[in-house]
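Quick look at entry13.cif (mmCIF, C-alpha atoms):
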```cif
data_structure
#
loop_
_atom_site.label_atom_id
_atom_site.label_comp_id
_atom_site.auth_asym_id
_atom_site.auth_seq_id
_atom_site.Cartn_x
_atom_site.Cartn_y
_atom_site.Cartn_z
CA MET A 1 81.09 28.25 189.35
CA LYS A 2 80.77 31.93 190.19
CA ALA A 3 81.33 34.58 187.56
CA GLY A 4 84.61 35.76 189.13
CA GLU A 5 85.97 32.25 189.37
CA ALA A 6 84.97 31.50 185.76
CA ALA A 7 86.75 34.62 184.53
CA ALA A 8 89.87 33.71 186.45
CA ALA A 9 89.81 30.17 185.05
CA GLU A 10 89.39 31.51 181.56
CA GLY A 11 92.31 33.85 182.09
CA ARG A 12 94.52 31.00 183.24
CA ARG A 13 93.47 28.93 180.20
CA GLU A 14 94.32 31.75 177.78
CA ALA A 15 97.67 32.35 179.46
CA ALA A 16 98.51 28.65 179.19
CA GLU A 17 97.50 28.61 175.54
CA GLU A 18 99.65 31.66 174.76
CA SER A 19 102.56 30.02 176.51
CA ARG A 20 102.06 26.81 174.55
CA CYS A 21 101.79 28.66 171.24
CA GLY A 22 104.89 30.68 172.01
CA ARG A 23 107.21 27.72 172.41
CA LEU A 24 108.97 26.75 169.19
CA GLN A 25 110.51 23.34 168.85
CA GLU A 26 114.29 23.31 168.65
CA SER A 27 114.66 19.93 166.95
CA ARG A 28 115.62 21.47 163.59
CA GLY A 29 117.65 24.38 164.94
CA GLY A 30 117.86 27.25 162.48
CA GLU A 31 117.78 25.28 159.25
CA PRO A 32 115.39 26.41 156.48
CA VAL A 33 111.86 25.12 156.85
CA ARG A 34 111.83 24.03 153.20
CA LYS A 35 114.44 21.37 153.96
CA ALA A 36 112.79 20.31 157.19
CA ALA A 37 110.54 17.72 155.57
CA GLY A 38 113.53 15.68 154.45
CA LYS A 39 115.13 15.84 157.88
CA GLN A 40 111.88 14.90 159.53
CA ARG A 41 111.43 11.93 157.20
CA LYS A 42 114.90 10.68 158.18
CA LYS A 43 114.07 10.96 161.88
CA ALA A 44 110.76 9.22 161.30
CA GLY A 45 112.37 6.44 159.28
CA ALA A 46 112.27 3.46 161.61
CA GLU A 47 110.27 4.57 164.63
CA GLY A 48 109.96 8.31 165.47
CA CYS A 49 107.15 10.43 164.12
CA ARG A 50 106.01 7.94 161.50
CA LYS A 51 105.37 5.30 164.15
CA GLU A 52 103.52 7.82 166.32
CA ALA A 53 101.45 8.94 163.33
CA GLU A 54 100.55 5.42 162.18
CA GLU A 55 96.97 5.68 163.39
CA SER A 56 96.46 9.37 162.70
CA ARG A 57 98.10 9.84 159.31
CA CYS A 58 94.78 9.72 157.46
CA GLY A 59 93.30 12.53 159.50
CA LYS A 60 91.97 10.81 162.63
CA GLN A 61 91.26 13.50 165.18
CA GLN A 62 92.96 14.03 168.50
CA LYS A 63 90.69 13.55 171.45
CA GLY A 64 89.44 16.56 173.31
CA ARG A 65 89.88 19.09 170.50
CA VAL A 66 86.88 20.98 169.17
CA HIS A 67 86.90 22.65 165.75
CA ARG A 68 84.40 24.68 163.78
CA GLY A 69 82.82 23.25 160.65
CA MET A 70 83.91 23.35 157.03
CA LYS A 71 82.54 22.51 153.59
CA ALA A 72 83.88 19.40 151.85
CA TRP A 73 83.11 17.16 148.87
CA LYS A 74 82.66 13.59 150.11
CA LEU A 75 82.38 10.56 147.88
CA TYR A 76 79.97 7.97 149.32
CA GLY A 77 80.19 5.60 146.37
CA VAL A 78 80.16 5.57 142.57
CA ASN A 79 78.21 8.61 141.33
CA ASP A 80 77.37 9.60 144.91
CA LEU A 81 79.31 12.81 145.56
CA ARG A 82 77.95 15.20 148.20
CA PHE A 83 78.92 18.75 149.13
CA GLU A 84 78.30 18.91 152.84
CA GLU A 85 79.22 20.37 156.19
CA SER A 86 82.00 18.49 157.93
CA VAL A 87 84.22 18.82 160.99
CA ILE A 88 87.61 20.42 160.44
CA PRO A 89 90.16 17.67 161.17
CA ALA A 90 92.53 18.20 164.08
CA PRO A 91 96.14 17.46 163.09
CA GLY A 92 97.42 14.29 164.73
CA ALA A 93 101.00 13.47 165.65
CA GLY A 94 103.29 14.28 162.74
CA GLN A 95 100.57 16.19 160.87
CA ALA A 96 99.79 19.73 159.79
CA LEU A 97 96.39 21.27 159.17
CA VAL A 98 96.32 23.00 155.78
CA LYS A 99 93.73 25.59 154.78
CA VAL A 100 93.21 24.79 151.11
CA LYS A 101 93.60 27.74 148.75
CA ALA A 102 93.49 26.05 145.34
CA ALA A 103 92.83 22.53 144.06
CA GLY A 104 92.98 21.00 140.59
CA ILE A 105 90.74 18.31 139.12
CA CYS A 106 92.65 15.31 137.80
CA GLY A 107 91.33 12.85 135.24
CA SER A 108 91.59 10.17 137.94
CA ASP A 109 89.07 12.15 140.01
CA VAL A 110 86.54 11.83 137.19
CA GLN A 111 87.11 8.08 136.98
CA ARG A 112 86.91 7.77 140.77
CA VAL A 113 83.61 9.63 141.03
CA PHE A 114 81.78 8.10 138.06
CA GLU A 115 83.34 4.66 137.51
CA THR A 116 85.41 3.05 140.25
CA GLY A 117 84.78 4.77 143.57
CA ALA A 118 87.55 5.22 146.13
CA HIS A 119 89.33 2.74 148.38
CA ARG A 120 86.99 3.62 151.25
CA HIS A 121 83.82 5.64 151.68
CA PRO A 122 82.90 8.27 152.59
CA LEU A 123 86.06 10.05 151.49
CA VAL A 124 87.03 13.63 150.65
CA ILE A 125 88.56 13.40 147.17
CA GLY A 126 91.22 15.60 145.53
CA HIS A 127 95.00 15.21 145.53
CA GLU A 128 96.27 18.29 143.64
CA PHE A 129 96.14 21.23 146.04
CA SER A 130 98.02 23.96 147.88
CA GLY A 131 97.33 26.13 150.90
CA VAL A 132 98.49 27.61 154.18
CA VAL A 133 99.45 25.76 157.36
CA GLU A 134 97.01 26.76 160.11
CA ASP A 135 97.87 24.27 162.87
CA VAL A 136 100.34 21.49 163.64
CA GLY A 137 100.18 18.30 165.65
CA GLN A 138 102.50 16.76 168.18
CA GLY A 139 106.13 16.56 167.14
CA ILE A 140 105.95 19.23 164.43
CA SER A 141 107.70 22.58 164.68
CA ARG A 142 105.39 25.57 164.91
CA GLU A 143 107.71 27.28 162.45
CA TRP A 144 105.44 25.72 159.83
CA LEU A 145 102.51 27.89 160.93
CA HIS A 146 101.30 30.36 158.26
CA ARG A 147 103.70 28.92 155.68
CA ARG A 148 102.43 28.68 152.10
CA VAL A 149 102.77 25.06 151.01
CA GLY A 150 102.30 22.44 148.35
CA VAL A 151 101.50 18.87 149.38
CA PHE A 152 102.88 15.58 148.06
CA PRO A 153 99.80 13.32 148.11
CA LEU A 154 101.43 9.90 148.53
CA ILE A 155 101.97 8.86 152.15
CA PRO A 156 104.66 6.14 152.25
CA CYS A 157 104.88 3.41 154.87
CA GLY A 158 108.55 4.17 155.55
CA LYS A 159 109.31 0.47 156.02
CA CYS A 160 109.30 -1.35 152.66
CA ALA A 161 112.34 -1.88 150.42
CA SER A 162 111.45 1.10 148.21
CA CYS A 163 111.03 3.43 151.20
CA ARG A 164 114.36 2.31 152.65
CA GLN A 165 115.94 3.50 149.38
CA LYS A 166 113.99 6.80 149.52
CA LYS A 167 112.01 5.74 146.45
CA TYR A 168 108.79 6.63 148.20
CA GLU A 169 106.78 6.85 144.97
CA MET A 170 107.14 3.07 144.67
CA CYS A 171 106.07 2.29 148.24
CA ARG A 172 104.23 -1.04 148.40
CA SER A 173 102.01 -0.10 151.35
CA TYR A 174 101.05 3.54 150.91
CA ASP A 175 98.15 5.82 151.70
CA TYR A 176 97.11 8.51 149.27
CA LEU A 177 95.35 11.79 149.88
CA GLY A 178 92.07 11.92 148.00
CA SER A 179 91.79 8.20 147.18
CA ARG A 180 92.69 6.28 150.36
CA CYS A 181 92.38 9.05 152.95
CA ASP A 182 90.76 12.49 152.95
CA GLY A 183 92.08 14.89 150.34
CA GLY A 184 91.93 18.47 149.16
CA PHE A 185 88.43 19.20 147.83
CA ALA A 186 87.58 20.78 151.16
CA GLU A 187 88.31 23.97 153.03
CA TYR A 188 90.80 22.19 155.31
CA VAL A 189 92.78 18.95 155.24
CA ALA A 190 95.16 17.27 157.71
CA VAL A 191 98.33 15.96 156.04
CA PRO A 192 101.70 14.56 157.15
CA ALA A 193 104.08 17.45 157.73
CA ALA A 194 106.75 15.33 156.03
CA ASN A 195 104.78 15.77 152.79
CA LEU A 196 104.91 19.58 152.79
CA ILE A 197 107.05 21.74 150.55
CA GLU A 198 107.26 25.45 151.26
CA LEU A 199 106.44 27.61 148.25
CA PRO A 200 108.81 30.21 146.83
CA ASP A 201 107.44 33.72 147.42
CA ASN A 202 106.65 34.34 143.75
CA VAL A 203 104.74 31.07 143.19
CA THR A 204 100.97 31.47 143.41
CA PHE A 205 98.55 29.04 145.05
CA GLU A 206 97.11 28.24 141.63
CA GLU A 207 100.53 27.34 140.27
CA ALA A 208 101.33 25.36 143.42
CA ALA A 209 98.13 23.33 143.06
CA MET A 210 99.68 22.06 139.82
CA LEU A 211 102.92 20.93 141.48
CA GLU A 212 101.71 17.31 141.47
CA PRO A 213 101.06 16.99 137.70
CA MET A 214 104.16 19.09 136.99
CA ALA A 215 106.29 16.78 139.14
CA VAL A 216 104.86 13.77 137.29
CA ALA A 217 105.98 15.36 134.01
CA VAL A 218 109.42 16.06 135.47
CA HIS A 219 109.64 12.47 136.71
CA ALA A 220 108.92 11.21 133.19
CA MET A 221 111.54 13.53 131.70
CA ARG A 222 114.18 12.49 134.19
CA ARG A 223 113.35 8.79 133.80
CA ALA A 224 113.87 9.18 130.06
CA ALA A 225 116.85 11.49 129.92
CA GLY A 226 118.84 10.39 132.95
CA GLY A 227 121.01 13.39 133.77
CA THR A 228 118.33 16.00 133.05
CA GLY A 229 117.80 18.00 136.22
CA TYR A 230 120.60 16.20 138.04
CA SER A 231 124.36 16.64 137.83
CA GLY A 232 125.92 15.04 134.76
CA GLU A 233 125.01 14.82 131.11
CA PRO A 234 121.64 13.42 130.06
CA GLU A 235 121.47 10.00 128.43
CA ILE A 236 119.40 11.38 125.55
CA SER A 237 121.03 13.99 123.29
CA ARG A 238 119.29 17.36 123.37
CA ASP A 239 118.93 17.33 119.58
CA ALA A 240 117.10 13.98 119.68
CA ALA A 241 113.69 13.66 118.01
CA VAL A 242 111.23 13.55 120.91
CA ALA A 243 107.54 12.72 120.42
CA ILE A 244 104.73 13.25 122.92
CA CYS A 245 101.47 11.44 122.20
CA GLY A 246 98.60 12.73 124.30
CA PHE A 247 98.66 16.48 124.87
CA GLY A 248 96.47 16.93 127.91
CA THR A 249 97.78 18.49 131.11
CA ILE A 250 100.65 16.04 131.65
CA GLY A 251 101.69 16.04 127.99
CA ALA A 252 101.69 19.84 127.78
CA LEU A 253 103.65 20.18 131.02
CA LEU A 254 106.11 17.55 129.81
CA ALA A 255 106.66 19.55 126.63
CA ALA A 256 107.25 22.72 128.67
CA PHE A 257 109.84 21.08 130.92
CA LEU A 258 111.58 19.42 127.97
CA MET A 259 111.82 22.77 126.17
CA ASP A 260 113.15 24.36 129.36
CA ALA A 261 115.78 21.60 129.61
CA GLY A 262 116.97 22.27 126.07
CA TYR A 263 115.04 19.69 124.04
CA GLY A 264 113.78 21.70 121.09
CA ASN A 265 113.14 18.95 118.54
CA LEU A 266 109.65 18.10 119.82
CA TRP A 267 106.85 16.43 117.86
CA VAL A 268 103.37 16.39 119.37
CA VAL A 269 100.20 14.39 118.70
CA GLY A 270 96.93 15.81 120.05
CA ASN A 271 93.26 15.85 119.16
CA LYS A 272 91.95 19.31 120.12
CA GLU A 273 92.33 22.82 118.73
CA PHE A 274 93.17 24.05 122.23
CA GLN A 275 96.07 21.60 122.31
CA ARG A 276 97.38 22.91 119.00
CA GLN A 277 97.25 26.45 120.36
CA THR A 278 99.10 25.33 123.51
CA ALA A 279 101.84 23.76 121.38
CA LEU A 280 102.21 26.98 119.39
CA CYS A 281 102.47 28.97 122.64
CA LEU A 282 105.34 26.68 123.65
CA SER A 283 107.11 27.63 120.39
CA ILE A 284 106.54 24.23 118.82
CA PRO A 285 106.29 24.86 115.05
CA PRO A 286 102.83 24.18 113.54
CA GLU A 287 104.20 21.45 111.27
CA ARG A 288 105.30 19.53 114.37
CA PHE A 289 101.78 19.22 115.74
CA CYS A 290 99.66 16.35 114.43
CA ASP A 291 95.90 16.53 114.92
CA SER A 292 94.98 12.85 115.07
CA ARG A 293 91.38 13.68 114.12
CA LYS A 294 92.53 14.90 110.71
CA GLN A 295 95.85 13.15 110.09
CA ASP A 296 97.16 9.60 110.25
CA ALA A 297 99.30 9.89 113.38
CA LYS A 298 101.04 6.57 112.82
CA GLU A 299 102.27 7.54 109.35
CA TRP A 300 103.13 11.05 110.55
CA LEU A 301 105.36 9.66 113.32
CA GLN A 302 106.97 7.00 111.14
CA ALA A 303 107.88 9.55 108.47
CA GLY A 304 110.59 11.06 110.64
CA GLY A 305 111.15 8.46 113.32
CA THR A 306 111.68 9.11 117.03
CA ASP A 307 114.54 8.68 119.46
CA LEU A 308 112.35 9.20 122.50
CA PHE A 309 108.60 8.61 122.67
CA PHE A 310 106.28 9.52 125.55
CA GLU A 311 103.00 7.58 125.62
CA CYS A 312 100.63 9.82 127.61
CA THR A 313 97.25 8.30 126.73
CA GLY A 314 97.25 4.77 128.14
CA ARG A 315 95.94 3.42 124.82
CA ASN A 316 97.16 0.28 123.12
CA GLU A 317 97.34 1.71 119.60
CA VAL A 318 99.42 4.68 120.77
CA LEU A 319 101.94 2.35 122.39
CA ALA A 320 102.18 0.52 119.05
CA TRP A 321 102.79 3.87 117.30
CA GLY A 322 105.69 4.46 119.65
CA VAL A 323 107.30 1.13 118.86
CA ASP A 324 106.69 1.42 115.11
CA SER A 325 108.18 4.92 114.91
CA ALA A 326 111.18 4.25 117.14
CA ARG A 327 114.64 4.45 115.68
CA PRO A 328 117.21 1.76 116.61
CA SER A 329 118.10 1.95 120.34
CA GLY A 330 115.13 4.24 120.87
CA LYS A 331 113.36 4.68 124.18
CA ILE A 332 109.64 4.60 124.95
CA ILE A 333 108.34 6.00 128.25
CA LEU A 334 104.92 4.85 129.43
CA VAL A 335 103.19 7.73 131.24
CA GLY A 336 99.44 7.35 130.70
CA ASN A 337 97.27 5.18 132.95
CA PRO A 338 95.84 2.27 130.90
CA ARG A 339 92.18 2.50 129.95
CA THR A 340 91.95 -1.14 128.80
CA ASP A 341 94.13 -4.25 128.71
CA MET A 342 97.39 -3.56 126.91
CA GLY A 343 98.89 -5.99 124.39
CA LEU A 344 101.45 -6.09 121.61
CA GLY A 345 101.18 -7.79 118.22
CA LYS A 346 103.93 -10.16 117.12
CA ASP A 347 105.38 -7.72 114.58
CA THR A 348 105.48 -4.97 117.19
CA TYR A 349 107.22 -7.29 119.62
CA TRP A 350 109.77 -8.24 116.97
CA LYS A 351 110.49 -4.51 116.43
CA ILE A 352 111.32 -4.14 120.14
CA LEU A 353 113.77 -7.05 119.91
CA ARG A 354 115.43 -6.23 116.59
CA SER A 355 115.79 -2.49 117.28
CA GLN A 356 116.87 -3.09 120.89
CA LEU A 357 114.30 -0.66 122.18
CA THR A 358 113.92 0.33 125.80
CA LEU A 359 110.44 0.53 127.34
CA ALA A 360 110.18 2.11 130.78
CA GLY A 361 107.25 2.94 133.00
CA ILE A 362 106.93 5.90 135.36
CA TRP A 363 104.80 6.21 138.45
CA ASN A 364 104.03 9.36 140.40
CA SER A 365 107.09 11.51 141.25
CA SER A 366 109.99 11.62 143.65
CA PHE A 367 109.59 13.48 146.93
CA THR A 368 112.27 13.08 149.57
CA GLY A 369 112.27 16.57 151.05
CA GLU A 370 115.70 17.13 149.48
CA GLU A 371 116.69 19.66 146.85
CA THR A 372 117.31 16.94 144.25
CA ASP A 373 113.79 15.48 144.18
CA ASP A 374 111.23 16.12 141.43
CA TRP A 375 109.11 18.47 143.55
CA HIS A 376 111.99 20.79 144.43
CA TYR A 377 113.22 20.79 140.83
CA THR A 378 109.71 21.77 139.76
CA ALA A 379 109.41 24.50 142.40
CA ASP A 380 112.78 25.92 141.37
CA ARG A 381 111.80 26.12 137.69
CA LEU A 382 108.53 27.78 138.70
CA ALA A 383 110.34 30.32 140.86
CA ALA A 384 112.73 31.07 138.00
CA GLY A 385 109.76 31.89 135.77
CA ASN A 386 110.66 29.21 133.23
CA ILE A 387 107.34 27.35 133.43
CA ASP A 388 103.85 28.87 133.17
CA PRO A 389 101.28 26.29 134.34
CA ALA A 390 98.58 28.95 134.76
CA SER A 391 98.39 29.21 130.96
CA LEU A 392 96.89 25.70 130.96
CA VAL A 393 94.07 26.60 133.36
CA THR A 394 90.86 26.91 131.34
CA HIS A 395 88.25 26.95 134.13
CA ARG A 396 88.36 28.61 137.55
CA LEU A 397 85.45 27.67 139.82
CA PRO A 398 84.47 28.07 143.47
CA LEU A 399 84.74 24.94 145.61
CA ALA A 400 80.97 24.54 145.35
CA GLY A 401 81.37 24.29 141.55
CA LEU A 402 83.40 21.07 141.61
CA ARG A 403 80.54 19.01 140.19
CA GLU A 404 80.36 21.36 137.18
CA GLY A 405 84.08 20.91 136.54
CA LEU A 406 83.80 17.13 136.77
CA ALA A 407 80.90 17.20 134.28
CA VAL A 408 82.92 19.26 131.77
CA MET A 409 85.70 16.68 131.90
CA ARG A 410 83.42 13.65 131.79
CA GLU A 411 81.13 14.83 129.01
CA LYS A 412 83.86 16.67 127.06
CA ARG A 413 81.19 19.20 126.10
CA GLU A 414 83.73 22.01 125.73
CA ASP A 415 87.48 22.45 125.41
CA TYR A 416 89.38 22.24 128.68
CA CYS A 417 92.84 21.53 129.99
CA LYS A 418 93.17 22.11 133.74
CA ILE A 419 90.10 22.93 135.83
CA MET A 420 90.72 24.50 139.22
CA VAL A 421 88.53 25.15 142.26
CA PHE A 422 89.15 27.76 144.94
CA PRO A 423 87.56 27.50 148.42
CA ASP A 424 87.79 31.28 148.91
CA LYS A 425 86.15 32.08 145.57
CA PRO A 426 82.51 33.22 145.97
#
```
Encoded form (structure tokens):
Amino acid sequence: MKAGEAAAAEGRREAAEESRCGRLQESRGGEPVRKAAGKQRKKAGAEGCRKEAEESRCGKQQKGRVHRGMKAWKLYGVNDLRFEESVIPAPGAGQALVKVKAAGICGSDVQRVFETGAHRHPLVIGHEFSGVVEDVGQGISREWLHRRVGVFPLIPCGKCASCRQKKYEMCRSYDYLGSRCDGGFAEYVAVPAANLIELPDNVTFEEAAMLEPMAVAVHAMRRAAGGTGYSGEPEISRDAAVAICGFGTIGALLAAFLMDAGYGNLWVVGNKEFQRQTALCLSIPPERFCDSRKQDAKEWLQAGGTDLFFECTGRNEVLAWGVDSARPSGKIILVGNPRTDMGLGKDTYWKILRSQLTLAGIWNSSFTGEETDDWHYTADRLAAGNIDPASLVTHRLPLAGLREGLAVMREKREDYCKIMVFPDKP
């Protein structure tokens, strides 16, 4: 092709691209983008976008699109984590491409890297992250472009009984960013647009990267207290004696949200000086923090008794503490992932029967794209300035420093709470 013809062809291509980029979809009219995810999920319910995205929802690339490279942490198997150059994923139908700005390390990431592996390999790990929408796939409004977003990591099937009731966190056939499909420990990630939540202007990327653990804490609180965060009165009185056992990230966030909701009679069991300091910063009196390294936590809890007990460790003995300290008609909420088989002695079982205790589990958090879900409640409390998750961040590392953060958590060689990585940090 001659030079003149090539230039003309290039000009036509650029004009077509500008025209394509200038056309905004009208499917949502003028409604706020923040509510669009819920509307889109409704439309995708039976067929729609979710059916179109079935093969691309885990980041499969559209044909014919060429993208520059990026850095990403890929897990190839147990203890085989590599920081390498990768292709930036092109957003498929129903997806958005997010440039990651901040990502948090979860305890499950440590277990995944060093003990269990992921559901498939190689896989980009990481499910707690935030960023900016840089591109969108077929069927998604370009109004999302350049929006600051958080990302719900669970990708529901949209077809099972739980999904039909909008209880997506209990989907029986789900994908999950960072464990079943590529996640956020990378410079870019392709995610379902239905999983996006737009960030309030005064919420930082660091805070937004903690939306997932915060929403889990909110889910536990709402599961326990019923009306808390919804319309109506909570099932648990706000002067009830509430105990939290396990004061890591989830436990500390749970305490913060409970205090914000008016539950001031909190009793906390932890095992680190940093956790004691965190409790004091939340205005929990020093006598209401039990250091289980120095005190008998079981006796400490039984001395006063509890109306509501949050088990945030996944340990058998802590569950028994909850039952033993529960007052009649008390409630025990199981939050922590189990580390071993869980069992109950006969006397503990009798206590559940005779005191008519309620034991309830929680899993993940609710995300429907509607203002009443856990993620929007969390974002609203953040925007109001009532919750300060950044105070729990103890380590801030560049993306390349992920391995160092994982080692700190695995070896417990220094105090830590939440460790964050930032792709833009040198």
task: Tell me which protein, DNA and RNA residues are within 8 Å of stretch 349-358 of chain A, counting all atoms listed in the file, leaving out same-chain ones fewer than 3 positions away, and put them as JSON, numbers by chain.
output: {"A": [323, 324, 326, 327, 328, 329, 330, 331, 332, 344, 345, 346]}
Just to be explicit: take each residue in the selection above, keep C-alpha atoms, and write the result as an mmCIF file, in the frame of the given file.
```cif
data_model
loop_
_atom_site.group_PDB
_atom_site.id
_atom_site.type_symbol
_atom_site.label_atom_id
_atom_site.label_comp_id
_atom_site.auth_asym_id
_atom_site.auth_seq_id
_atom_site.Cartn_x
_atom_site.Cartn_y
_atom_site.Cartn_z
ATOM 1 C CA VAL A 323 107.300 1.130 118.860
ATOM 2 C CA ASP A 324 106.690 1.420 115.110
ATOM 3 C CA ALA A 326 111.180 4.250 117.140
ATOM 4 C CA ARG A 327 114.640 4.450 115.680
ATOM 5 C CA PRO A 328 117.210 1.760 116.610
ATOM 6 C CA SER A 329 118.100 1.950 120.340
ATOM 7 C CA GLY A 330 115.130 4.240 120.870
ATOM 8 C CA LYS A 331 113.360 4.680 124.180
ATOM 9 C CA ILE A 332 109.640 4.600 124.950
ATOM 10 C CA LEU A 344 101.450 -6.090 121.610
ATOM 11 C CA GLY A 345 101.180 -7.790 118.220
ATOM 12 C CA LYS A 346 103.930 -10.160 117.120
#
```
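Relative to atom CA of A:Met342, atom CA of A:Leu211 is found at 29.0 Å.
For the choices A:Leu81, A:Met210, A:Ala252, A:Val132, the atom-to-atom distance to A:Gly104 is smallest for A:Met210 when using all atoms listed in the file.
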task: Using the chain letters and residue numbers of this document, give as a ChimeraX atom specification the residues selected by the PyMOL selection byres ((chain A and resi 200) around 10).
output: /A:34,148-149,197-199,201-204,208,379-380,382-384
query: Looking at all atoms listed in the file, which of A:Ala297, A:Val189, A:Val78, A:Cys160 is the one that sits closest to A:Asp135?
result: A:Val189
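Closest to A:Glu212 among A:Arg410, A:Lys74, A:Lys418, A:His127 is A:His127, based on only C-alpha atoms.
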- request: Just the residues within 7 Å of A:Trp73, please, counting only C-alpha atoms, with nothing from its chain fewer than 2 positions along; format it as a ChimeraX atom specification.
  value: /A:75,81-84,124-125,185-186
task: With the file shown as input, list the residues that the PyMOL selection byres ((chain A and resi 163) around 12) selects, as number ranges by chain.
output: A: 41-42, 44-46, 154-162, 164-174, 366-368
Expected axis-aligned box over every listed atom of stretch 201-216 of chain A, 3 Å added per side, centre plus edges in Å to one decimal, as JSON:
```
{"center_x": 102.3, "center_y": 24.1, "center_z": 142.2, "size_x": 16.3, "size_y": 26.6, "size_z": 16.4}
```
field: Long-range neighbours of A:Ala215 as number ranges by chain, 10 Å cut-off, all atoms listed in the file, 5 positions minimum in chain
entry: A: 152, 210, 220-221, 250, 253-254, 257, 364-367, 373-379
message: Can you spell out as a PyMOL selection string the set of residues that the PyMOL selection byres ((chain A and resi 341) around 10) selects in the structure I just provided?
response: chain A and resi 314-316+338-340+342-343
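Using only C-alpha atoms, the nearest neighbour of A:Ala93 within the list A:Gly137, A:Gly262, A:Gly117, A:Gly77 is A:Gly137.
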- request: Find the spatial neighbours of stretch 386-393 of chain A, counting all atoms listed in the file, within a cut-off of 7 Å - ignore same-chain residues fewer than 3 positions away - and output them as a list in words.
  value: Glu207, Ala256, Asp260, Arg381, Leu382, Cys417, Lys418 and Ile419 of chain A
